[in-house]
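Coordinates as given in coords30.txt (compact mmCIF, C-alpha atoms):
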# COMPACT_ATOMS: atom_id res chain seq x y z
CA MET A 18 19.22 -12.81 1.08
CA SER A 19 17.80 -13.07 -2.43
CA ILE A 20 15.24 -10.51 -3.54
CA GLN A 21 12.66 -13.27 -4.17
CA LEU A 22 13.02 -14.63 -0.61
CA LYS A 23 12.91 -11.11 0.80
CA ASN A 24 9.66 -10.36 -1.07
CA PHE A 25 8.18 -13.75 -0.10
CA LEU A 26 8.86 -13.04 3.59
CA ARG A 27 7.60 -9.45 3.22
CA PHE A 28 4.37 -10.74 1.65
CA TRP A 29 3.60 -13.07 4.56
CA LEU A 30 4.66 -10.53 7.20
CA ILE A 31 2.36 -7.88 5.72
CA ILE A 32 -0.52 -10.38 5.36
CA ALA A 33 -0.08 -11.47 9.00
CA VAL A 34 -0.04 -7.87 10.24
CA GLN A 35 -3.12 -7.11 8.10
CA ILE A 36 -5.00 -10.05 9.63
CA LEU A 37 -4.09 -8.82 13.13
CA LEU A 38 -5.18 -5.28 12.25
CA SER A 39 -8.50 -6.54 10.88
CA LYS A 40 -9.32 -7.75 14.40
CA LEU A 41 -8.98 -4.20 15.79
CA THR A 42 -11.72 -1.61 15.81
CA LEU A 43 -10.31 1.83 15.14
CA ARG A 44 -11.99 5.20 15.31
CA TRP A 45 -10.47 8.60 14.69
CA TRP A 46 -12.02 10.08 17.82
CA SER A 47 -13.79 8.83 20.92
CA GLU A 48 -17.25 9.96 19.83
CA PRO A 49 -18.65 6.72 18.34
CA SER A 50 -21.84 8.12 16.87
CA GLY A 51 -22.03 8.44 13.14
CA PHE A 52 -18.43 7.93 12.06
CA PRO A 53 -17.68 4.56 10.46
CA VAL A 54 -15.46 1.93 12.00
CA PHE A 55 -12.54 1.28 9.70
CA VAL A 56 -9.56 -1.01 9.36
CA PRO A 57 -6.34 0.25 7.81
CA LEU A 58 -5.54 -1.77 4.70
CA ILE A 59 -1.75 -2.07 4.73
CA TYR A 60 -1.39 -5.06 2.41
CA PRO A 61 -1.05 -2.85 -0.74
CA LEU A 62 2.40 -2.03 0.65
CA PHE A 63 3.60 -5.36 -0.77
CA ILE A 64 2.76 -4.16 -4.29
CA LEU A 65 4.23 -0.71 -3.66
CA LEU A 66 7.57 -2.17 -2.56
CA LEU A 67 8.09 -4.53 -5.50
CA PRO A 68 11.43 -3.96 -7.28
CA PHE A 69 11.55 -1.33 -10.00
CA GLU A 70 12.31 -3.86 -12.73
CA THR A 71 9.23 -5.97 -11.95
CA PRO A 72 7.43 -6.35 -15.30
CA VAL A 73 3.81 -5.18 -15.43
CA TRP A 74 2.54 -8.71 -16.14
CA LEU A 75 4.25 -10.02 -12.99
CA ALA A 76 3.03 -7.08 -10.90
CA LEU A 77 -0.51 -7.82 -12.10
CA ILE A 78 -0.18 -11.49 -11.12
CA LEU A 79 1.28 -10.56 -7.73
CA GLY A 80 -1.48 -7.98 -7.26
CA ALA A 81 -4.09 -10.64 -8.04
CA VAL A 82 -2.45 -13.13 -5.65
CA THR A 83 -2.27 -10.49 -2.91
CA GLY A 84 -5.87 -9.43 -3.44
CA PHE A 85 -7.26 -12.96 -3.69
CA THR A 86 -5.31 -13.96 -0.56
CA MET A 87 -6.95 -11.11 1.35
CA ASP A 88 -10.34 -11.95 -0.20
CA ALA A 89 -10.01 -15.57 0.92
CA LEU A 90 -8.94 -14.60 4.44
CA MET A 91 -11.54 -11.85 4.88
CA ASN A 92 -14.39 -13.35 2.80
CA THR A 93 -14.77 -10.30 0.56
CA GLY A 94 -15.41 -11.90 -2.82
CA GLY A 95 -12.89 -10.15 -5.09
CA MET A 96 -13.01 -6.60 -3.72
CA HIS A 97 -9.39 -6.67 -2.55
CA ALA A 98 -8.26 -8.28 -5.82
CA ALA A 99 -9.91 -5.60 -7.96
CA ALA A 100 -8.24 -2.77 -6.02
CA CYS A 101 -4.83 -4.52 -5.98
CA ILE A 102 -4.83 -5.27 -9.69
CA LEU A 103 -5.61 -1.63 -10.47
CA ILE A 104 -2.73 -0.26 -8.39
CA ALA A 105 -0.36 -2.93 -9.75
CA TYR A 106 -1.27 -1.80 -13.26
CA LEU A 107 -0.82 1.93 -12.53
CA ARG A 108 2.32 1.53 -10.37
CA PRO A 109 4.91 1.85 -13.19
CA ASN A 110 3.29 5.02 -14.54
CA VAL A 111 3.22 6.68 -11.12
CA LEU A 112 6.86 5.69 -10.50
CA ALA A 113 7.93 6.92 -13.94
CA ALA A 114 6.36 10.30 -13.19
CA LEU A 115 8.28 10.61 -9.91
CA LEU A 116 11.67 9.07 -10.70
CA PRO A 117 14.43 11.31 -12.00
CA ARG A 118 15.93 8.44 -14.04
CA ALA A 119 14.78 5.30 -15.88
CA PHE A 120 13.96 2.07 -14.02
CA GLU A 121 17.12 0.46 -15.43
CA ASP A 122 19.21 2.92 -13.40
CA TYR A 123 17.95 1.25 -10.18
CA PRO A 124 19.06 -2.39 -10.59
CA GLY A 125 17.88 -4.69 -7.81
CA GLN A 126 16.23 -1.82 -5.92
CA SER A 127 12.70 -1.22 -4.74
CA PRO A 128 10.90 2.08 -4.28
CA SER A 129 12.00 3.50 -0.96
CA VAL A 130 12.64 6.71 0.88
CA LYS A 131 16.34 6.21 0.16
CA ASN A 132 16.04 6.42 -3.62
CA LEU A 133 12.90 8.60 -3.91
CA GLY A 134 13.12 10.81 -0.82
CA TRP A 135 10.27 11.30 1.65
CA PRO A 136 8.14 13.72 -0.43
CA ALA A 137 8.23 11.62 -3.61
CA PHE A 138 7.76 8.31 -1.76
CA LEU A 139 4.81 9.66 0.23
CA THR A 140 3.31 11.04 -2.99
CA TYR A 141 3.75 7.66 -4.69
CA ALA A 142 2.43 5.63 -1.77
CA GLY A 143 -0.28 8.14 -0.87
CA PHE A 144 -1.68 8.34 -4.39
CA LEU A 145 -1.82 4.58 -4.92
CA ILE A 146 -3.17 3.89 -1.42
CA LEU A 147 -5.86 6.53 -1.85
CA LEU A 148 -6.80 5.03 -5.22
CA HIS A 149 -6.81 1.51 -3.77
CA HIS A 150 -9.05 2.57 -0.90
CA ALA A 151 -11.38 4.51 -3.18
CA VAL A 152 -11.90 1.44 -5.38
CA PHE A 153 -12.21 -0.96 -2.45
CA PHE A 154 -14.70 1.09 -0.43
CA SER A 155 -16.72 2.06 -3.52
CA ILE A 156 -17.16 -1.63 -4.32
CA GLU A 157 -17.87 -2.40 -0.65
CA MET A 158 -20.62 0.21 -0.37
CA TRP A 159 -21.82 -0.43 -3.95
CA SER A 160 -23.68 2.85 -3.84
CA PHE A 161 -22.94 6.53 -4.01
CA SER A 162 -26.12 7.42 -2.12
CA ASN A 163 -24.16 8.36 1.01
CA MET A 164 -21.17 10.05 -0.61
CA LEU A 165 -20.03 11.81 2.58
CA LEU A 166 -19.79 8.52 4.47
CA LEU A 167 -17.85 6.98 1.57
CA LEU A 168 -15.42 9.92 1.39
CA LEU A 169 -14.90 9.88 5.17
CA LYS A 170 -14.22 6.15 5.13
CA ILE A 171 -11.75 6.50 2.25
CA ALA A 172 -9.94 9.47 3.78
CA ALA A 173 -9.70 8.07 7.32
CA SER A 174 -8.61 4.63 6.15
CA ALA A 175 -6.07 6.02 3.67
CA LEU A 176 -4.56 8.39 6.23
CA THR A 177 -4.31 5.62 8.82
CA THR A 178 -2.79 3.26 6.25
CA ILE A 179 -0.19 5.87 5.28
CA LEU A 180 0.72 6.27 8.96
CA PHE A 181 1.22 2.49 9.20
CA VAL A 182 3.32 2.56 6.01
CA VAL A 183 5.55 5.27 7.49
CA GLY A 184 5.86 3.16 10.64
CA TYR A 185 6.82 0.13 8.56
CA LEU A 186 9.43 2.15 6.68
CA LEU A 187 10.92 3.51 9.89
CA LEU A 188 11.09 0.02 11.40
CA PHE A 189 12.27 -2.01 8.43
CA THR A 190 14.31 0.39 6.29
CA ARG A 191 17.95 1.05 6.87
CA GLN A 192 18.38 4.72 7.50
CA VAL A 193 21.19 6.52 5.75
CA ALA A 194 23.33 8.69 7.98
CA THR A 195 23.36 12.29 6.77
CA HIS A 196 25.68 13.85 9.29
CA GLY A 197 28.10 15.14 6.66
CA LEU A 198 30.46 12.22 7.19
CA SER A 199 31.68 10.51 4.06
CA ARG A 200 32.21 6.77 4.15
Mind converting the file's structure to structure tokens?
Amino acid sequence: MSIQLKNFLRFWLIIAVQILLSKLTLRWWSEPSGFPVFVPLIYPLFILLLPFETPVWLALILGAVTGFTMDALMNTGGMHAAACILIAYLRPNVLAALLPRAFEDYPGQSPSVKNLGWPAFLTYAGFLILLHHAVFFSIEMWSFSNMLLLLLKIAASALTTILFVVGYLLLFTRQVATHGLSR
């Protein structure tokens, strides 16, 4: 399967799952008083999993398309697009800080646990997801008057999103056997 077709299918799969998740009401504990309802925003995963050699201009366009798609489907007026464009812009710098080699040494590959390892991939994904959520929820609230509520919403949503990302990786990533057997 070509990498373009794979990314096209991944885009629509992630958008469909995001739409289904937006219909759920999630809380971190059963006590409903005071803590905000939140929806994990997993669609930034599409941007995070773009191939290493994706040029910044294309990542920005794909970030805008992803964000505007979510804005159109969730009636949010550009909030998703703003957050997606920011992480698409910063993505190469975060990857460059974490990768042991240059992007050219990973032809046809995307960021994954296989080529980054769990700690580096979770750092990469966690940082960009946290940044995405901080931008999105700051625009959504449009006020810093209730900073604690904003920070709780960002932290709970980011943590839940990272858990969904790990679930996605475990379901859709080929695991490499590390039993000491050479192939």
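The smallest atom-to-atom distance between A:Asp88 and any of A:Trp159, A:Phe144, A:Phe153, A:Phe189, using all atoms listed in the file, is found for A:Phe153.
Considering only C-alpha atoms, the residue among A:Leu79, A:Gln35, A:Ala100, A:Phe69 positioned nearest to A:Leu133 is A:Phe69.
If you look at atom CA of A:Tyr60 and atom CA of A:Ile32, they are 6.1 Å away from each other.
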Determine the nearest neighbour of A:Pro68 from the options A:Val34, A:Ala98, A:Leu112, A:Leu103, counting all atoms listed in the file.
-> A:Leu112
Computed interatomic separation between atom CA of A:Leu62 and atom CA of A:Arg27 (Å) | 9.4 Å
Any idea what the distance is between atom CA of A:Ala105 and atom CA of A:Ile64?
-> 6.4 Å
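Counting all atoms listed in the file, the residue from A:Pro57, A:Pro72, A:Gly80, A:Gly184 that sits nearest to A:Lys170 is A:Pro57.
The closest residue to A:Leu116, picked from A:Thr93, A:Ser160, A:Ser174, A:Thr140 and counting all atoms listed in the file, is A:Thr140.
By chain and then residue number, the residues within 10 Å of A:Asn24 are Ser19, Ile20, Gln21, Leu22, Leu26, Arg27, Phe28, Trp29, Leu30, Phe63, Ile64, Leu66, Leu67 and Pro68 of chain A, counting all atoms listed in the file and disregarding those fewer than 2 positions away in sequence.
With all atoms listed in the file as the basis for measurement, A:Thr190 is the residue among A:Thr177, A:Asn163, A:Thr190, A:Ser155 that approaches A:Ser129 most closely.
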Using only C-alpha atoms, find all polymer residues with an atom at most 12 Å away from the point (-11.6, -9.3, -1.4); report them as JSON, numbers by chain.
-> {"A": [58, 60, 80, 81, 82, 83, 84, 85, 86, 87, 88, 89, 90, 91, 92, 93, 94, 95, 96, 97, 98, 99, 100, 101, 102, 152, 153, 154, 156, 157]}
Using only the atoms of stretch 116-130 of chain A listed in the file, plus 4 Å on each side, state the axis-aligned box centre and edge lengths in Å rounded to one decimal, as lines of an AutoDock Vina configuration file.
center_x = 15.1
center_y = 3.3
center_z = -7.5
size_x = 16.3
size_y = 24.0
size_z = 24.8
